[in-house]
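Chemist: File name model.cif; file contents mmCIF, C-alpha atoms and all ligand atoms; full text below.
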data_work
#
loop_
_atom_site.label_atom_id
_atom_site.label_comp_id
_atom_site.auth_asym_id
_atom_site.auth_seq_id
_atom_site.Cartn_x
_atom_site.Cartn_y
_atom_site.Cartn_z
CA MET F 557 -22.96 -50.15 20.16
CA LYS F 558 -21.60 -50.71 16.66
CA PHE F 559 -18.59 -52.97 15.96
CA PHE F 560 -16.02 -51.93 13.37
CA ILE F 561 -12.91 -53.93 12.55
CA ASP F 562 -9.63 -52.00 12.65
CA THR F 563 -7.57 -53.50 9.85
CA ALA F 564 -6.86 -53.41 6.13
CA ASN F 565 -6.44 -57.19 6.00
CA LEU F 566 -9.15 -58.57 3.67
CA ALA F 567 -9.12 -62.09 5.18
CA GLN F 568 -9.68 -60.72 8.69
CA ILE F 569 -12.39 -58.36 7.43
CA LYS F 570 -14.16 -61.35 5.79
CA GLU F 571 -13.81 -63.44 8.97
CA ALA F 572 -15.35 -60.70 11.16
CA ASN F 573 -18.06 -60.03 8.59
CA ASP F 574 -18.96 -63.74 8.46
CA LEU F 575 -19.62 -63.62 12.22
CA GLY F 576 -22.60 -61.41 11.35
CA ILE F 577 -21.77 -58.73 13.92
CA LEU F 578 -19.73 -56.31 11.83
CA ASP F 579 -20.98 -52.76 11.18
CA GLY F 580 -17.96 -51.25 9.44
CA VAL F 581 -14.20 -50.95 9.00
CA THR F 582 -11.50 -48.45 9.93
CA THR F 583 -8.08 -48.24 8.32
CA ASN F 584 -5.12 -45.91 8.64
CA PRO F 585 -1.88 -45.45 6.67
CA SER F 586 0.01 -47.78 9.05
CA LEU F 587 -2.57 -50.56 8.60
CA MET F 588 -2.48 -50.14 4.80
CA ALA F 589 1.35 -50.26 4.82
CA LYS F 590 1.25 -53.43 6.94
CA GLU F 591 -0.70 -55.11 4.10
CA GLY F 592 1.84 -53.87 1.54
CA ILE F 593 -0.68 -51.60 -0.19
CA ASN F 594 1.03 -48.67 -1.91
CA GLY F 595 0.50 -46.28 -4.81
CA ALA F 596 -2.64 -44.15 -5.22
CA ASP F 597 -4.43 -46.58 -7.57
CA ASN F 598 -3.80 -49.64 -5.39
CA ILE F 599 -5.02 -47.76 -2.31
CA LEU F 600 -8.30 -46.81 -4.05
CA LYS F 601 -8.74 -50.41 -5.32
CA HIS F 602 -8.15 -51.78 -1.82
CA TYR F 603 -10.88 -49.54 -0.38
CA GLU F 604 -13.18 -50.76 -3.17
CA ALA F 605 -12.42 -54.37 -2.19
CA ILE F 606 -13.22 -53.63 1.48
CA CYS F 607 -16.52 -51.97 0.51
CA GLU F 608 -17.47 -55.07 -1.50
CA ILE F 609 -17.07 -57.26 1.62
CA VAL F 610 -18.76 -55.11 4.27
CA ASP F 611 -22.11 -53.37 4.07
CA GLY F 612 -21.25 -50.53 6.46
CA ASP F 613 -19.10 -47.43 6.94
CA VAL F 614 -15.48 -47.76 5.79
CA SER F 615 -13.06 -45.09 7.03
CA ALA F 616 -10.44 -44.09 4.45
CA GLU F 617 -7.76 -41.75 5.77
CA VAL F 618 -6.43 -38.74 3.85
CA LEU F 619 -2.66 -38.40 3.64
CA SER F 620 -2.70 -34.62 3.05
CA THR F 621 -2.41 -32.02 5.80
CA ASP F 622 -3.38 -28.76 4.08
CA PHE F 623 -7.00 -27.71 3.50
CA ALA F 624 -7.07 -27.70 -0.33
CA SER F 625 -5.31 -31.06 -0.64
CA ILE F 626 -7.46 -32.68 2.08
CA ILE F 627 -10.59 -31.62 0.18
CA GLU F 628 -9.24 -32.87 -3.17
CA GLU F 629 -8.15 -36.20 -1.68
CA GLY F 630 -11.33 -36.61 0.40
CA LYS F 631 -13.54 -36.06 -2.66
CA LYS F 632 -11.66 -38.83 -4.53
CA LEU F 633 -12.03 -41.21 -1.56
CA ALA F 634 -15.73 -40.42 -1.13
CA ALA F 635 -16.31 -41.10 -4.85
CA ILE F 636 -15.15 -44.75 -4.43
CA HIS F 637 -18.34 -45.93 -2.70
CA PRO F 638 -21.29 -44.39 -0.79
CA ASN F 639 -20.09 -46.12 2.42
CA ILE F 640 -16.71 -44.37 2.47
CA VAL F 641 -16.16 -42.09 5.46
CA VAL F 642 -13.28 -39.64 4.97
CA LYS F 643 -10.89 -39.88 7.90
CA VAL F 644 -9.26 -36.55 8.71
CA PRO F 645 -6.62 -35.76 11.36
CA MET F 646 -7.36 -33.42 14.28
CA ILE F 647 -5.33 -30.47 13.00
CA LYS F 648 -6.43 -26.91 12.14
CA ASP F 649 -6.86 -27.55 8.39
CA GLY F 650 -8.47 -30.88 9.24
CA VAL F 651 -11.19 -29.22 11.33
CA LYS F 652 -11.81 -26.72 8.51
CA ALA F 653 -12.01 -29.63 6.02
CA ILE F 654 -14.43 -31.58 8.23
CA LYS F 655 -16.75 -28.55 8.21
CA TRP F 656 -16.46 -28.38 4.40
CA PHE F 657 -17.18 -32.10 3.99
CA THR F 658 -20.15 -31.83 6.39
CA ASP F 659 -21.59 -28.91 4.41
CA ASN F 660 -21.15 -30.94 1.22
CA GLY F 661 -22.79 -34.16 2.46
CA ILE F 662 -19.59 -36.21 2.91
CA LYS F 663 -19.25 -38.26 6.11
CA THR F 664 -16.10 -37.82 8.18
CA ASN F 665 -14.17 -39.50 10.97
CA CYS F 666 -11.96 -37.13 12.95
CA THR F 667 -8.90 -39.13 13.94
CA LEU F 668 -5.96 -38.78 16.35
CA VAL F 669 -8.13 -37.41 19.15
CA PHE F 670 -6.61 -37.46 22.64
CA SER F 671 -8.59 -34.84 24.63
CA ALA F 672 -12.15 -33.70 25.34
CA GLY F 673 -11.31 -30.28 23.86
CA GLN F 674 -10.40 -31.88 20.53
CA ALA F 675 -13.62 -33.93 20.65
CA ILE F 676 -15.70 -30.75 21.17
CA LEU F 677 -14.01 -29.12 18.16
CA ALA F 678 -14.65 -32.19 15.97
CA ALA F 679 -18.33 -32.17 16.95
CA LYS F 680 -18.65 -28.42 16.31
CA ALA F 681 -17.25 -29.00 12.80
CA GLY F 682 -19.94 -31.65 12.27
CA ALA F 683 -17.78 -34.80 12.18
CA SER F 684 -19.86 -37.97 11.77
CA TYR F 685 -17.41 -39.82 14.06
CA VAL F 686 -14.74 -38.79 16.53
CA SER F 687 -11.91 -41.28 17.21
CA PRO F 688 -10.28 -41.08 20.64
CA PHE F 689 -7.26 -43.45 20.72
CA ILE F 690 -7.73 -45.15 24.05
CA GLY F 691 -4.88 -47.70 23.85
CA ARG F 692 -2.31 -45.03 23.07
CA ILE F 693 -3.65 -42.94 26.00
CA ASP F 694 -3.30 -45.95 28.33
CA ASP F 695 0.26 -46.40 27.02
CA SER F 696 1.11 -42.92 28.31
CA SER F 697 -0.27 -43.70 31.80
CA TRP F 698 -3.57 -41.83 31.33
CA ASP F 699 -7.00 -43.50 31.30
CA GLY F 700 -8.38 -43.92 27.76
CA VAL F 701 -11.77 -45.23 28.87
CA GLU F 702 -12.11 -42.21 31.19
CA LEU F 703 -11.77 -39.96 28.12
CA ILE F 704 -14.57 -41.86 26.36
CA ALA F 705 -16.77 -41.34 29.45
CA GLN F 706 -15.97 -37.62 29.53
CA ILE F 707 -16.72 -37.12 25.83
CA SER F 708 -19.91 -39.16 26.16
CA GLN F 709 -21.12 -36.93 29.02
CA ILE F 710 -20.25 -33.72 27.15
CA TYR F 711 -21.91 -34.84 23.87
CA SER F 712 -25.03 -35.92 25.69
CA LEU F 713 -25.28 -32.67 27.74
CA GLN F 714 -24.64 -30.50 24.71
CA GLY F 715 -26.71 -32.48 22.24
CA PHE F 716 -23.82 -33.12 19.82
CA LYS F 717 -24.73 -35.68 17.16
CA THR F 718 -21.15 -36.87 16.44
CA GLU F 719 -20.73 -40.58 17.22
CA ILE F 720 -17.95 -41.60 19.61
CA LEU F 721 -15.79 -44.20 17.88
CA ALA F 722 -13.42 -45.73 20.45
CA ALA F 723 -10.18 -46.53 18.59
CA SER F 724 -6.79 -48.01 19.45
CA ILE F 725 -8.56 -50.87 21.24
CA ARG F 726 -6.10 -53.41 22.61
CA ASN F 727 -8.24 -56.13 24.21
CA ALA F 728 -11.73 -57.45 24.93
CA LEU F 729 -11.92 -55.60 28.27
CA HIS F 730 -11.46 -52.29 26.46
CA ILE F 731 -14.58 -53.12 24.40
CA VAL F 732 -16.65 -53.93 27.52
CA LYS F 733 -15.46 -50.76 29.31
CA CYS F 734 -16.20 -48.58 26.27
CA ALA F 735 -19.70 -50.08 26.06
CA GLU F 736 -20.25 -49.27 29.77
CA VAL F 737 -19.38 -45.59 29.39
CA GLY F 738 -21.38 -44.90 26.24
CA ALA F 739 -19.14 -45.36 23.17
CA ASP F 740 -21.30 -45.50 20.03
CA VAL F 741 -18.75 -47.63 18.16
CA CYS F 742 -15.66 -49.68 19.01
CA THR F 743 -13.17 -50.31 16.25
CA CYS F 744 -11.18 -53.39 17.19
CA PRO F 745 -8.52 -55.75 15.92
CA LEU F 746 -10.00 -59.20 15.14
CA ASP F 747 -8.28 -60.71 18.21
CA SER F 748 -10.09 -58.32 20.58
CA ILE F 749 -13.46 -59.13 18.98
CA LEU F 750 -12.78 -62.88 19.26
CA GLY F 751 -11.56 -62.32 22.83
CA LEU F 752 -15.16 -61.50 23.78
CA LEU F 753 -16.06 -65.14 23.07
CA LYS F 754 -13.72 -66.57 25.64
CA HIS F 755 -14.64 -67.85 29.11
CA PRO F 756 -13.15 -70.98 30.73
CA LEU F 757 -16.52 -71.93 32.26
CA THR F 758 -18.04 -71.99 28.76
CA ASP F 759 -15.35 -74.45 27.63
CA ILE F 760 -15.73 -76.61 30.78
CA GLY F 761 -19.54 -76.51 30.55
CA LEU F 762 -19.57 -77.46 26.87
CA ALA F 763 -17.13 -80.35 27.43
CA LYS F 764 -19.42 -81.71 30.18
CA PHE F 765 -22.57 -81.33 28.05
CA LEU F 766 -20.89 -83.15 25.14
CA GLU F 767 -19.68 -85.90 27.49
CA ASP F 768 -23.18 -86.33 29.00
CA ALA F 769 -24.75 -86.23 25.54
CA LYS F 770 -23.00 -89.56 24.80
CA LYS F 771 -25.26 -91.15 27.46
CA LEU F 772 -28.44 -90.04 25.70
C1 LIG A 801 -8.40 -46.39 13.97
O1 LIG A 801 -9.18 -45.64 13.49
C2 LIG A 801 -7.09 -45.98 14.50
O2 LIG A 801 -6.29 -45.49 13.48
C3 LIG A 801 -6.46 -47.17 15.18
O3 LIG A 801 -7.39 -47.74 16.07
C4 LIG A 801 -5.16 -46.84 15.91
O4 LIG A 801 -4.75 -47.98 16.61
P1 LIG A 801 -3.28 -48.17 17.24
O5 LIG A 801 -3.13 -47.17 18.34
O6 LIG A 801 -3.27 -49.57 17.74
O7 LIG A 801 -2.32 -47.93 16.12
#
Have the structure of the file written as structure tokens, please.
Ligand code: E4P

Modeler:
Amino acid sequence: MKFFIDTANLAQIKEANDLGILDGVTTNPSLMAKEGINGADNILKHYEAICEIVDGDVSAEVLSTDFASIIEEGKKLAAIHPNIVVKVPMIKDGVKAIKWFTDNGIKTNCTLVFSAGQAILAAKAGASYVSPFIGRIDDSSWDGVELIAQISQIYSLQGFKTEILAASIRNALHIVKCAEVGADVCTCPLDSILGLLKHPLTDIGLAKFLEDAKKL
């Protein structure tokens, strides 16, 4: 399973990259706004900066919602760097645009996916990645990990090549559960990635080893 970091914060992207386990980055308009990035030029420059840090796929989301504008915007994003993946919402014009990008050799990430039906449509259009938002599904009292399992079973039965990118991850357990049910990628906040490190028995065991090492 690949690990992406879900942020536009350059310091956090560097920290995760330095761990040596990072395969890519996802962003969205809310994450860019949180970093105070605004204006078309600054947005493009910020994606460039991310691509300079990480040698892996970087999802850059379009802000347009009609076919012609999504294509125009997606082409500009894809021209920034070969690792840019154009992130397109799961709407009618978005599906049409994903098919166009696929036919024209541009990688895509179909975002805002909340059902197996939407995931089938994204795969039929040829999306490189499909992003089910598991944390937001959990928030509405449904089971986000269950959706990942369902999509994984469907893609494997049907031979779809689209990679399942579990998004809206809220904690380390989400990552473990997504790995169990066949997610190809988890995109996680830095805290959830670092949460995987933690176990009290590791801390207790290390303290004892260091204490005993003084006797050597
Ligand atoms: C990433 O691709 C998604 O945009 C992101 O994971 C959404 O996360 P949130 O539900 O925490 O906003």

Chemist: Skip region 746-763 of chain F itself and residues of its chain fewer than 6 positions away, then list as a list in words all residues within 9 Å of it, counting all atoms listed in the file.

Modeler: Phe559, Ile561, Asp562, Thr563, Gln568, Ile569, Glu571, Ala572, Ile725, Arg726, Asn727, Ala728, Leu729, His730, Ile731 and Val732 of chain F

Chemist: Write a file of the selected residues as an mmCIF file, in the coordinates of the input, keeping C-alpha atoms.

Modeler:
data_model
loop_
_atom_site.group_PDB
_atom_site.id
_atom_site.type_symbol
_atom_site.label_atom_id
_atom_site.label_comp_id
_atom_site.auth_asym_id
_atom_site.auth_seq_id
_atom_site.Cartn_x
_atom_site.Cartn_y
_atom_site.Cartn_z
ATOM 1 C CA PHE F 559 -18.590 -52.970 15.960
ATOM 2 C CA ILE F 561 -12.910 -53.930 12.550
ATOM 3 C CA ASP F 562 -9.630 -52.000 12.650
ATOM 4 C CA THR F 563 -7.570 -53.500 9.850
ATOM 5 C CA GLN F 568 -9.680 -60.720 8.690
ATOM 6 C CA ILE F 569 -12.390 -58.360 7.430
ATOM 7 C CA GLU F 571 -13.810 -63.440 8.970
ATOM 8 C CA ALA F 572 -15.350 -60.700 11.160
ATOM 9 C CA ILE F 725 -8.560 -50.870 21.240
ATOM 10 C CA ARG F 726 -6.100 -53.410 22.610
ATOM 11 C CA ASN F 727 -8.240 -56.130 24.210
ATOM 12 C CA ALA F 728 -11.730 -57.450 24.930
ATOM 13 C CA LEU F 729 -11.920 -55.600 28.270
ATOM 14 C CA HIS F 730 -11.460 -52.290 26.460
ATOM 15 C CA ILE F 731 -14.580 -53.120 24.400
ATOM 16 C CA VAL F 732 -16.650 -53.930 27.520
#

Chemist: Excluding same-chain residues fewer than 4 positions from region 658-666 of chain F, what lies within 12 Å of it counting only C-alpha atoms, as a PyMOL selection string?

Modeler: chain F and resi 581-584+613-618+626-627+630-635+637-654+670+674-689+718-723+741

Chemist: To one decimal place, how far is CA of Lys717 (chain F) from atom O7 of ligand LIG 801 (chain A) in Å?

Modeler: 25.6 Å

Chemist: Between CA of Leu575 (chain F) and atom C1 of ligand LIG 801 (chain A), what distance in Å does the model show, to one decimal?

Modeler: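 Computed distance, CA of Leu575 (chain F) to atom C1 of ligand LIG 801 (chain A), equals 20.6 Å.
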
Chemist: In Å, with one decimal, what is the gap from CA of Val669 (chain F) to CA of Ile693 (chain F)?

Modeler: 9.9 Å

Chemist: Residues at most 7 Å from Glu591 (chain F), counting only C-alpha atoms, excluding those fewer than 2 positions away in the same chain, as a PyMOL selection string?

Modeler: chain F and resi 564-565+587-589+593

Chemist: Write out, as a PDB file, in the coordinates of the input, the residues just selected, with C-alpha atoms.

Modeler:
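Here's the written file out26.pdb:
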ATOM      1  CA  ALA F 564      -6.860 -53.410   6.130  1.00  0.00           C
ATOM      2  CA  ASN F 565      -6.440 -57.190   6.000  1.00  0.00           C
ATOM      3  CA  LEU F 587      -2.570 -50.560   8.600  1.00  0.00           C
ATOM      4  CA  MET F 588      -2.480 -50.140   4.800  1.00  0.00           C
ATOM      5  CA  ALA F 589       1.350 -50.260   4.820  1.00  0.00           C
ATOM      6  CA  ILE F 593      -0.680 -51.600  -0.190  1.00  0.00           C
TER       7      ILE F 593
END

Chemist: May I ask which of the residues F:Ser671, F:Ser708, F:Ser586, F:Asn598 is the closest one to Glu736 (chain F), counting all atoms listed in the file?

Modeler: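 The closest residue to Glu736 (chain F) is F:Ser708.
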